[in-house]
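Engineer: Next up is a structure, given as structure tokens.
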Amino acid sequence: MRALRVILRVTLAVGGGYAAAAVWSAALALGLRGSVARAEAAVLAGMLAFLFFLLLLLWLLTTPRLGRAGLLVVGLVLGGAGLSRVLSAGAWPSLAALTRGA
Amino acid sequence: MLGEPLRRAWARLHTWAGVVLGGVLFAVFWMGTLSVFDHEIDRWMMPPTRLAAAPPVSLDAAARAVAALAPGAAQWSLTLPSARTPTVQVRLPGSDALLHLDPSTFAELRPAPTLGGTGFIFPFHFMLHIDWLDLGLWIVGLCGMAMLVLTLSGVLIHKRILRDFFMFRPRKAATRSLLDLHTALGVLALPFHLVMPLSGLVIFFALFFPGTWQAAFDGDEAAFGREVFGSYQRPTAGAPGTLSSLDAMAAEAQRRWQGGRPFQVRLQLAGDAASYVEMRRAHTQDVSMNRDAIYFDAATGAVLERFESKPIGAVQRFIAGIHFVQFEQWLLRWLYFCAGLAGCVMIATGLWFWLESRRAEHARRGWVGVRLVEALATGSVSGIIAATLAFFIANRCLPEAASAWGLGRQRLELVAFYGVWLGMFCHAGWRGRAAWGEQCAAIAGLSCGAVALNWITTGDHPLRALSRGATSVAAMDGVLLLLGVVCWLAARRWRVRVAAPEPALELARGVVPSSEG
Amino acid sequence: MAEGALSLAAFAASYIGFALLALRQAPHHARVAASPRRAPPAAAMRQRNLWLGTAALGASLGVCLSSRGPSFGAILWVLLLAAGGLGVTFTLAFRPRWLRPLQRGSAERGSPHLPRGATER
């Protein structure tokens, strides 16, 4: 039913987009900790999170291939959560160190 | 700009988001626009605080006055007079209320209990007064994101944006002129419509994306408060202590800030040996809402801690400052106000364009969509304006010790606001298409009534207020009268439009075919 | 006082700049001229207005920045652009004749559709 599809799309866009932005901005804050003060990392990641959420919202609300987009969002959320877990454990070097080496 | 199928998807998004959220968006935008002048509204609603510009205040004298007011208080905060608020404002523990002191005599000014602009209108803007689980904040946050989505989608679906840049045809059919005005306001004030929601959201980054600071600080909220917002604490010593000269501390702060003045002084652990004083730096000279603070030992006046945002933090403070508009640049403030009003008209014209372009079809198909949206839109637009005026009128009419149904005067003013708002929704549901014009006429009457009541109850008509130095009161009266005139003209024009048979509806060219809901 | 005068000048520059840019477009050009001629604005005039209009907007920015500093100046400019643009839009909608002085001396002389000598005064 058409109404159901619309509700599903909006839920995916708002809920999934927010979750993806939240985990990836947390990962970014963790990754930046090595190169800037943690206060700076938190603020920068917090500000960029809104832009990331906005992009995801715009894409998810208008893309014709909703099923594929949905899978991608789930992947983003899981990937971002995993990356945050890994970065906070400290086992991997920070993003800055990675780019310095490259 | 976009291929046709994608453009239709974006157009559907713009239409749906606009129709569903337009009412709430209008409320947020309207209260936000008024919030530019929230302190000025306070002056209007609290006549005893309508003082002319204050002379410089001695902090030590003010501190003695506060100590006399609340002898046993463990802490207090004192805000110095500014051009917009010419009183000394004191906040004591255990009370939400703000005390206003005369800056020359430190006598307590006792305005009749009211929430005013800073207590009702400004918080309504960012949290809708829905405290439960911070739901109001999250709803407004969602509206902020929606505003960004609507603005960007509105630009992208516009087929020939440069060609229509200056196009406004007021004498054509309603759908044409409403859409022209909607797009003109959207496009020409585009930076404002993008920067305002984004900056508003950025203010609350710690609430909306707590993962960022929890990750960076390993969940240590106290450390986050210290390093990002400069909060400082130290435990009590358990022994009695003294308070040295606050004026000397203020002079030291001004020296360290290279001329920047303190605007707020907070005393913690009063009477204790470990008592300390926080001085916060004024926001009136820069765009940035700085969190600069210096902490002094109360007994010796020695500097304990100085906080200044680091570079990226300073960017966040600058962005917050663009939204908060606390700087005292009058032309800019008035332009912000006008831009806010333009945004309100943009939202309203968007809603009315949808209504006018779907009216015939919904009537034909027996759908209730247009009737429902019309009632909600009217209640959300003219309804909230009328409710705000009722709030001002109640403020002027209610006696100081008013109480009814167990509610104090403050609450009764809110009853007036919400009661009239609800009444406007009911009126809109009952009267349908004619409601908008009738409510505009009501607004015209209410706004003139508010100005008249101000004159009757305080003796301050606009010219007298100006001569007295209470320019904010004169300005508010002026804006109220202008609102009355505009709404009266709108009401007359609407009556003409509703009475005349509607010509064949011209479908908005190049936006959305009317069959798409 | 000087600051107010400079802000007024910045607004005027914004308004005139947008008015010149608007006159490059055929519907607005025709409305301001209020003549039944169907000739679109001449290419030379369109080119000239693009340069002058953009220069006026740039001048507005310059005045804002120099009178109020970088941050306040930039904010003021953006808001004055909105004010100027909306001002031109409403002028074109309600009093297009007010913009006729900006049209004089440009379209007439440059238009290839009028016989030579028709604009000699």
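Starting from 1 in every chain, residues are counted up; chains themselves are A, B, ... following the order of the structure tokens, and ligands are numbered from 1 as listed.
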From a DSSP pass on the backbone, collect the residues of chain A flagged as alpha helix (DSSP H) and hand them back as JSON, numbers by chain.

Structural biologist: {"A": [2, 3, 4, 5, 6, 7, 8, 9, 10, 11, 17, 18, 19, 20, 21, 22, 23, 24, 25, 26, 27, 28, 29, 30, 31, 32, 38, 39, 40, 41, 42, 43, 44, 45, 46, 47, 48, 49, 50, 51, 52, 53, 54, 55, 56, 57, 58, 59, 60, 61, 62, 66, 67, 68, 69, 70, 71, 72, 73, 74, 75, 76, 77, 78, 79, 80, 81, 82, 83, 84, 85, 86, 87, 88, 89, 95, 96, 97, 98, 99, 100, 101]}

Engineer: Using only C-alpha atoms, which protein or nucleic acid residues come within 8 Å of range 13-20 of chain B? Drop anything in the same chain fewer than 5 positions from it, and give the result as number ranges by chain.

Structural biologist: A: 61-62; B: 146, 149-150, 153-154, 347, 350-351, 354, 373

Engineer: Please, could you write that set of residues out with N, CA and C atoms as a PDB file, in the first residue's frame?

Structural biologist:
```pdb
ATOM      1  N   LEU A  61      15.028  10.180   1.056  1.00  0.00           N
ATOM      2  CA  LEU A  61      13.649  10.597   0.820  1.00  0.00           C
ATOM      3  C   LEU A  61      13.313  10.684  -0.658  1.00  0.00           C
ATOM      4  N   THR A  62      14.328  10.702  -1.526  1.00  0.00           N
ATOM      5  CA  THR A  62      14.022  10.879  -2.946  1.00  0.00           C
ATOM      6  C   THR A  62      14.520   9.749  -3.838  1.00  0.00           C
TER       7      THR A  62
ATOM      8  N   ALA B 146      13.937  19.601   8.751  1.00  0.00           N
ATOM      9  CA  ALA B 146      12.902  19.690   7.719  1.00  0.00           C
ATOM     10  C   ALA B 146      13.017  21.005   6.952  1.00  0.00           C
ATOM     11  N   VAL B 149      15.707  20.608   4.470  1.00  0.00           N
ATOM     12  CA  VAL B 149      15.242  19.754   3.371  1.00  0.00           C
ATOM     13  C   VAL B 149      14.298  20.540   2.464  1.00  0.00           C
ATOM     14  N   LEU B 150      13.378  21.285   3.072  1.00  0.00           N
ATOM     15  CA  LEU B 150      12.409  22.058   2.284  1.00  0.00           C
ATOM     16  C   LEU B 150      13.099  23.136   1.459  1.00  0.00           C
ATOM     17  N   SER B 153      15.173  21.400  -1.367  1.00  0.00           N
ATOM     18  CA  SER B 153      14.295  20.794  -2.370  1.00  0.00           C
ATOM     19  C   SER B 153      13.553  21.876  -3.151  1.00  0.00           C
ATOM     20  N   GLY B 154      13.181  22.953  -2.455  1.00  0.00           N
ATOM     21  CA  GLY B 154      12.485  24.042  -3.138  1.00  0.00           C
ATOM     22  C   GLY B 154      13.326  24.649  -4.253  1.00  0.00           C
ATOM     23  N   ILE B 347       6.336  30.522   4.532  1.00  0.00           N
ATOM     24  CA  ILE B 347       5.677  29.292   4.973  1.00  0.00           C
ATOM     25  C   ILE B 347       4.169  29.395   4.741  1.00  0.00           C
ATOM     26  N   GLY B 350       3.242  29.192   1.103  1.00  0.00           N
ATOM     27  CA  GLY B 350       3.397  27.824   0.635  1.00  0.00           C
ATOM     28  C   GLY B 350       2.157  26.998   0.967  1.00  0.00           C
ATOM     29  N   LEU B 351       1.699  27.108   2.225  1.00  0.00           N
ATOM     30  CA  LEU B 351       0.501  26.373   2.640  1.00  0.00           C
ATOM     31  C   LEU B 351      -0.701  26.803   1.827  1.00  0.00           C
ATOM     32  N   TRP B 354      -0.735  25.477  -1.731  1.00  0.00           N
ATOM     33  CA  TRP B 354      -1.183  24.088  -1.781  1.00  0.00           C
ATOM     34  C   TRP B 354      -2.708  24.034  -1.719  1.00  0.00           C
ATOM     35  N   VAL B 373      -6.512  20.571   6.064  1.00  0.00           N
ATOM     36  CA  VAL B 373      -5.278  21.367   6.021  1.00  0.00           C
ATOM     37  C   VAL B 373      -5.612  22.848   6.167  1.00  0.00           C
TER      38      VAL B 373
END
```

Engineer: Excluding range 61-71 of chain C and residues on its chain fewer than 5 positions from it, collect all residues at most 9 Å away from it, counting only C-alpha atoms, and give them as a PyMOL selection string.

Structural biologist: (chain B and resi 286-287) or (chain C and resi 2-3+6-7+9-10+14+56+76-78)

Engineer: Store the residues picked out above in a file with N, CA and C atoms, as a compact mmCIF listing (two decimals), in the first residue's frame.

Structural biologist:
```
# COMPACT_ATOMS: atom_id res chain seq x y z
N ASP B 286 30.34 41.48 19.73
CA ASP B 286 30.79 40.60 18.65
C ASP B 286 29.64 39.74 18.18
N VAL B 287 29.84 39.11 17.04
CA VAL B 287 28.85 38.16 16.56
C VAL B 287 28.82 36.95 17.49
N ALA C 2 27.23 58.24 10.61
CA ALA C 2 27.95 57.90 9.38
C ALA C 2 27.71 56.44 9.03
N GLU C 3 27.66 55.62 10.07
CA GLU C 3 27.43 54.19 9.84
C GLU C 3 26.08 53.97 9.20
N LEU C 6 26.23 54.99 5.53
CA LEU C 6 26.93 53.99 4.73
C LEU C 6 26.05 52.77 4.50
N SER C 7 25.29 52.38 5.54
CA SER C 7 24.40 51.23 5.37
C SER C 7 23.33 51.54 4.33
N ALA C 9 23.71 53.56 1.84
CA ALA C 9 24.39 53.49 0.56
C ALA C 9 24.55 52.05 0.11
N ALA C 10 24.89 51.17 1.06
CA ALA C 10 25.05 49.76 0.71
C ALA C 10 23.72 49.18 0.24
N SER C 14 22.81 47.67 -3.46
CA SER C 14 22.20 46.35 -3.63
C SER C 14 20.94 46.45 -4.48
N ALA C 56 27.74 46.75 -8.77
CA ALA C 56 26.99 47.42 -7.71
C ALA C 56 26.85 46.51 -6.49
N LEU C 76 25.59 41.79 7.33
CA LEU C 76 24.78 42.91 6.83
C LEU C 76 24.59 42.80 5.33
N TRP C 77 25.66 42.46 4.61
CA TRP C 77 25.58 42.39 3.16
C TRP C 77 24.56 41.35 2.72
N VAL C 78 24.64 40.15 3.32
CA VAL C 78 23.71 39.09 2.95
C VAL C 78 22.26 39.54 3.18
```

Engineer: Between CA of Ala26 in chain A and CA of Ala216 in chain B, what is the spacing in Å?

Structural biologist: 7.7 Å

Engineer: Separation of CA of Leu207 in chain B and CA of Phe53 in chain A, in Å?

Structural biologist: 14.9 Å

Engineer: To one decimal place, how far is CA of Leu92 in chain C from CA of His28 in chain C in Å?

Structural biologist: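 CA of His28 in chain C lies at a distance of 7.0 Å from CA of Leu92 in chain C.
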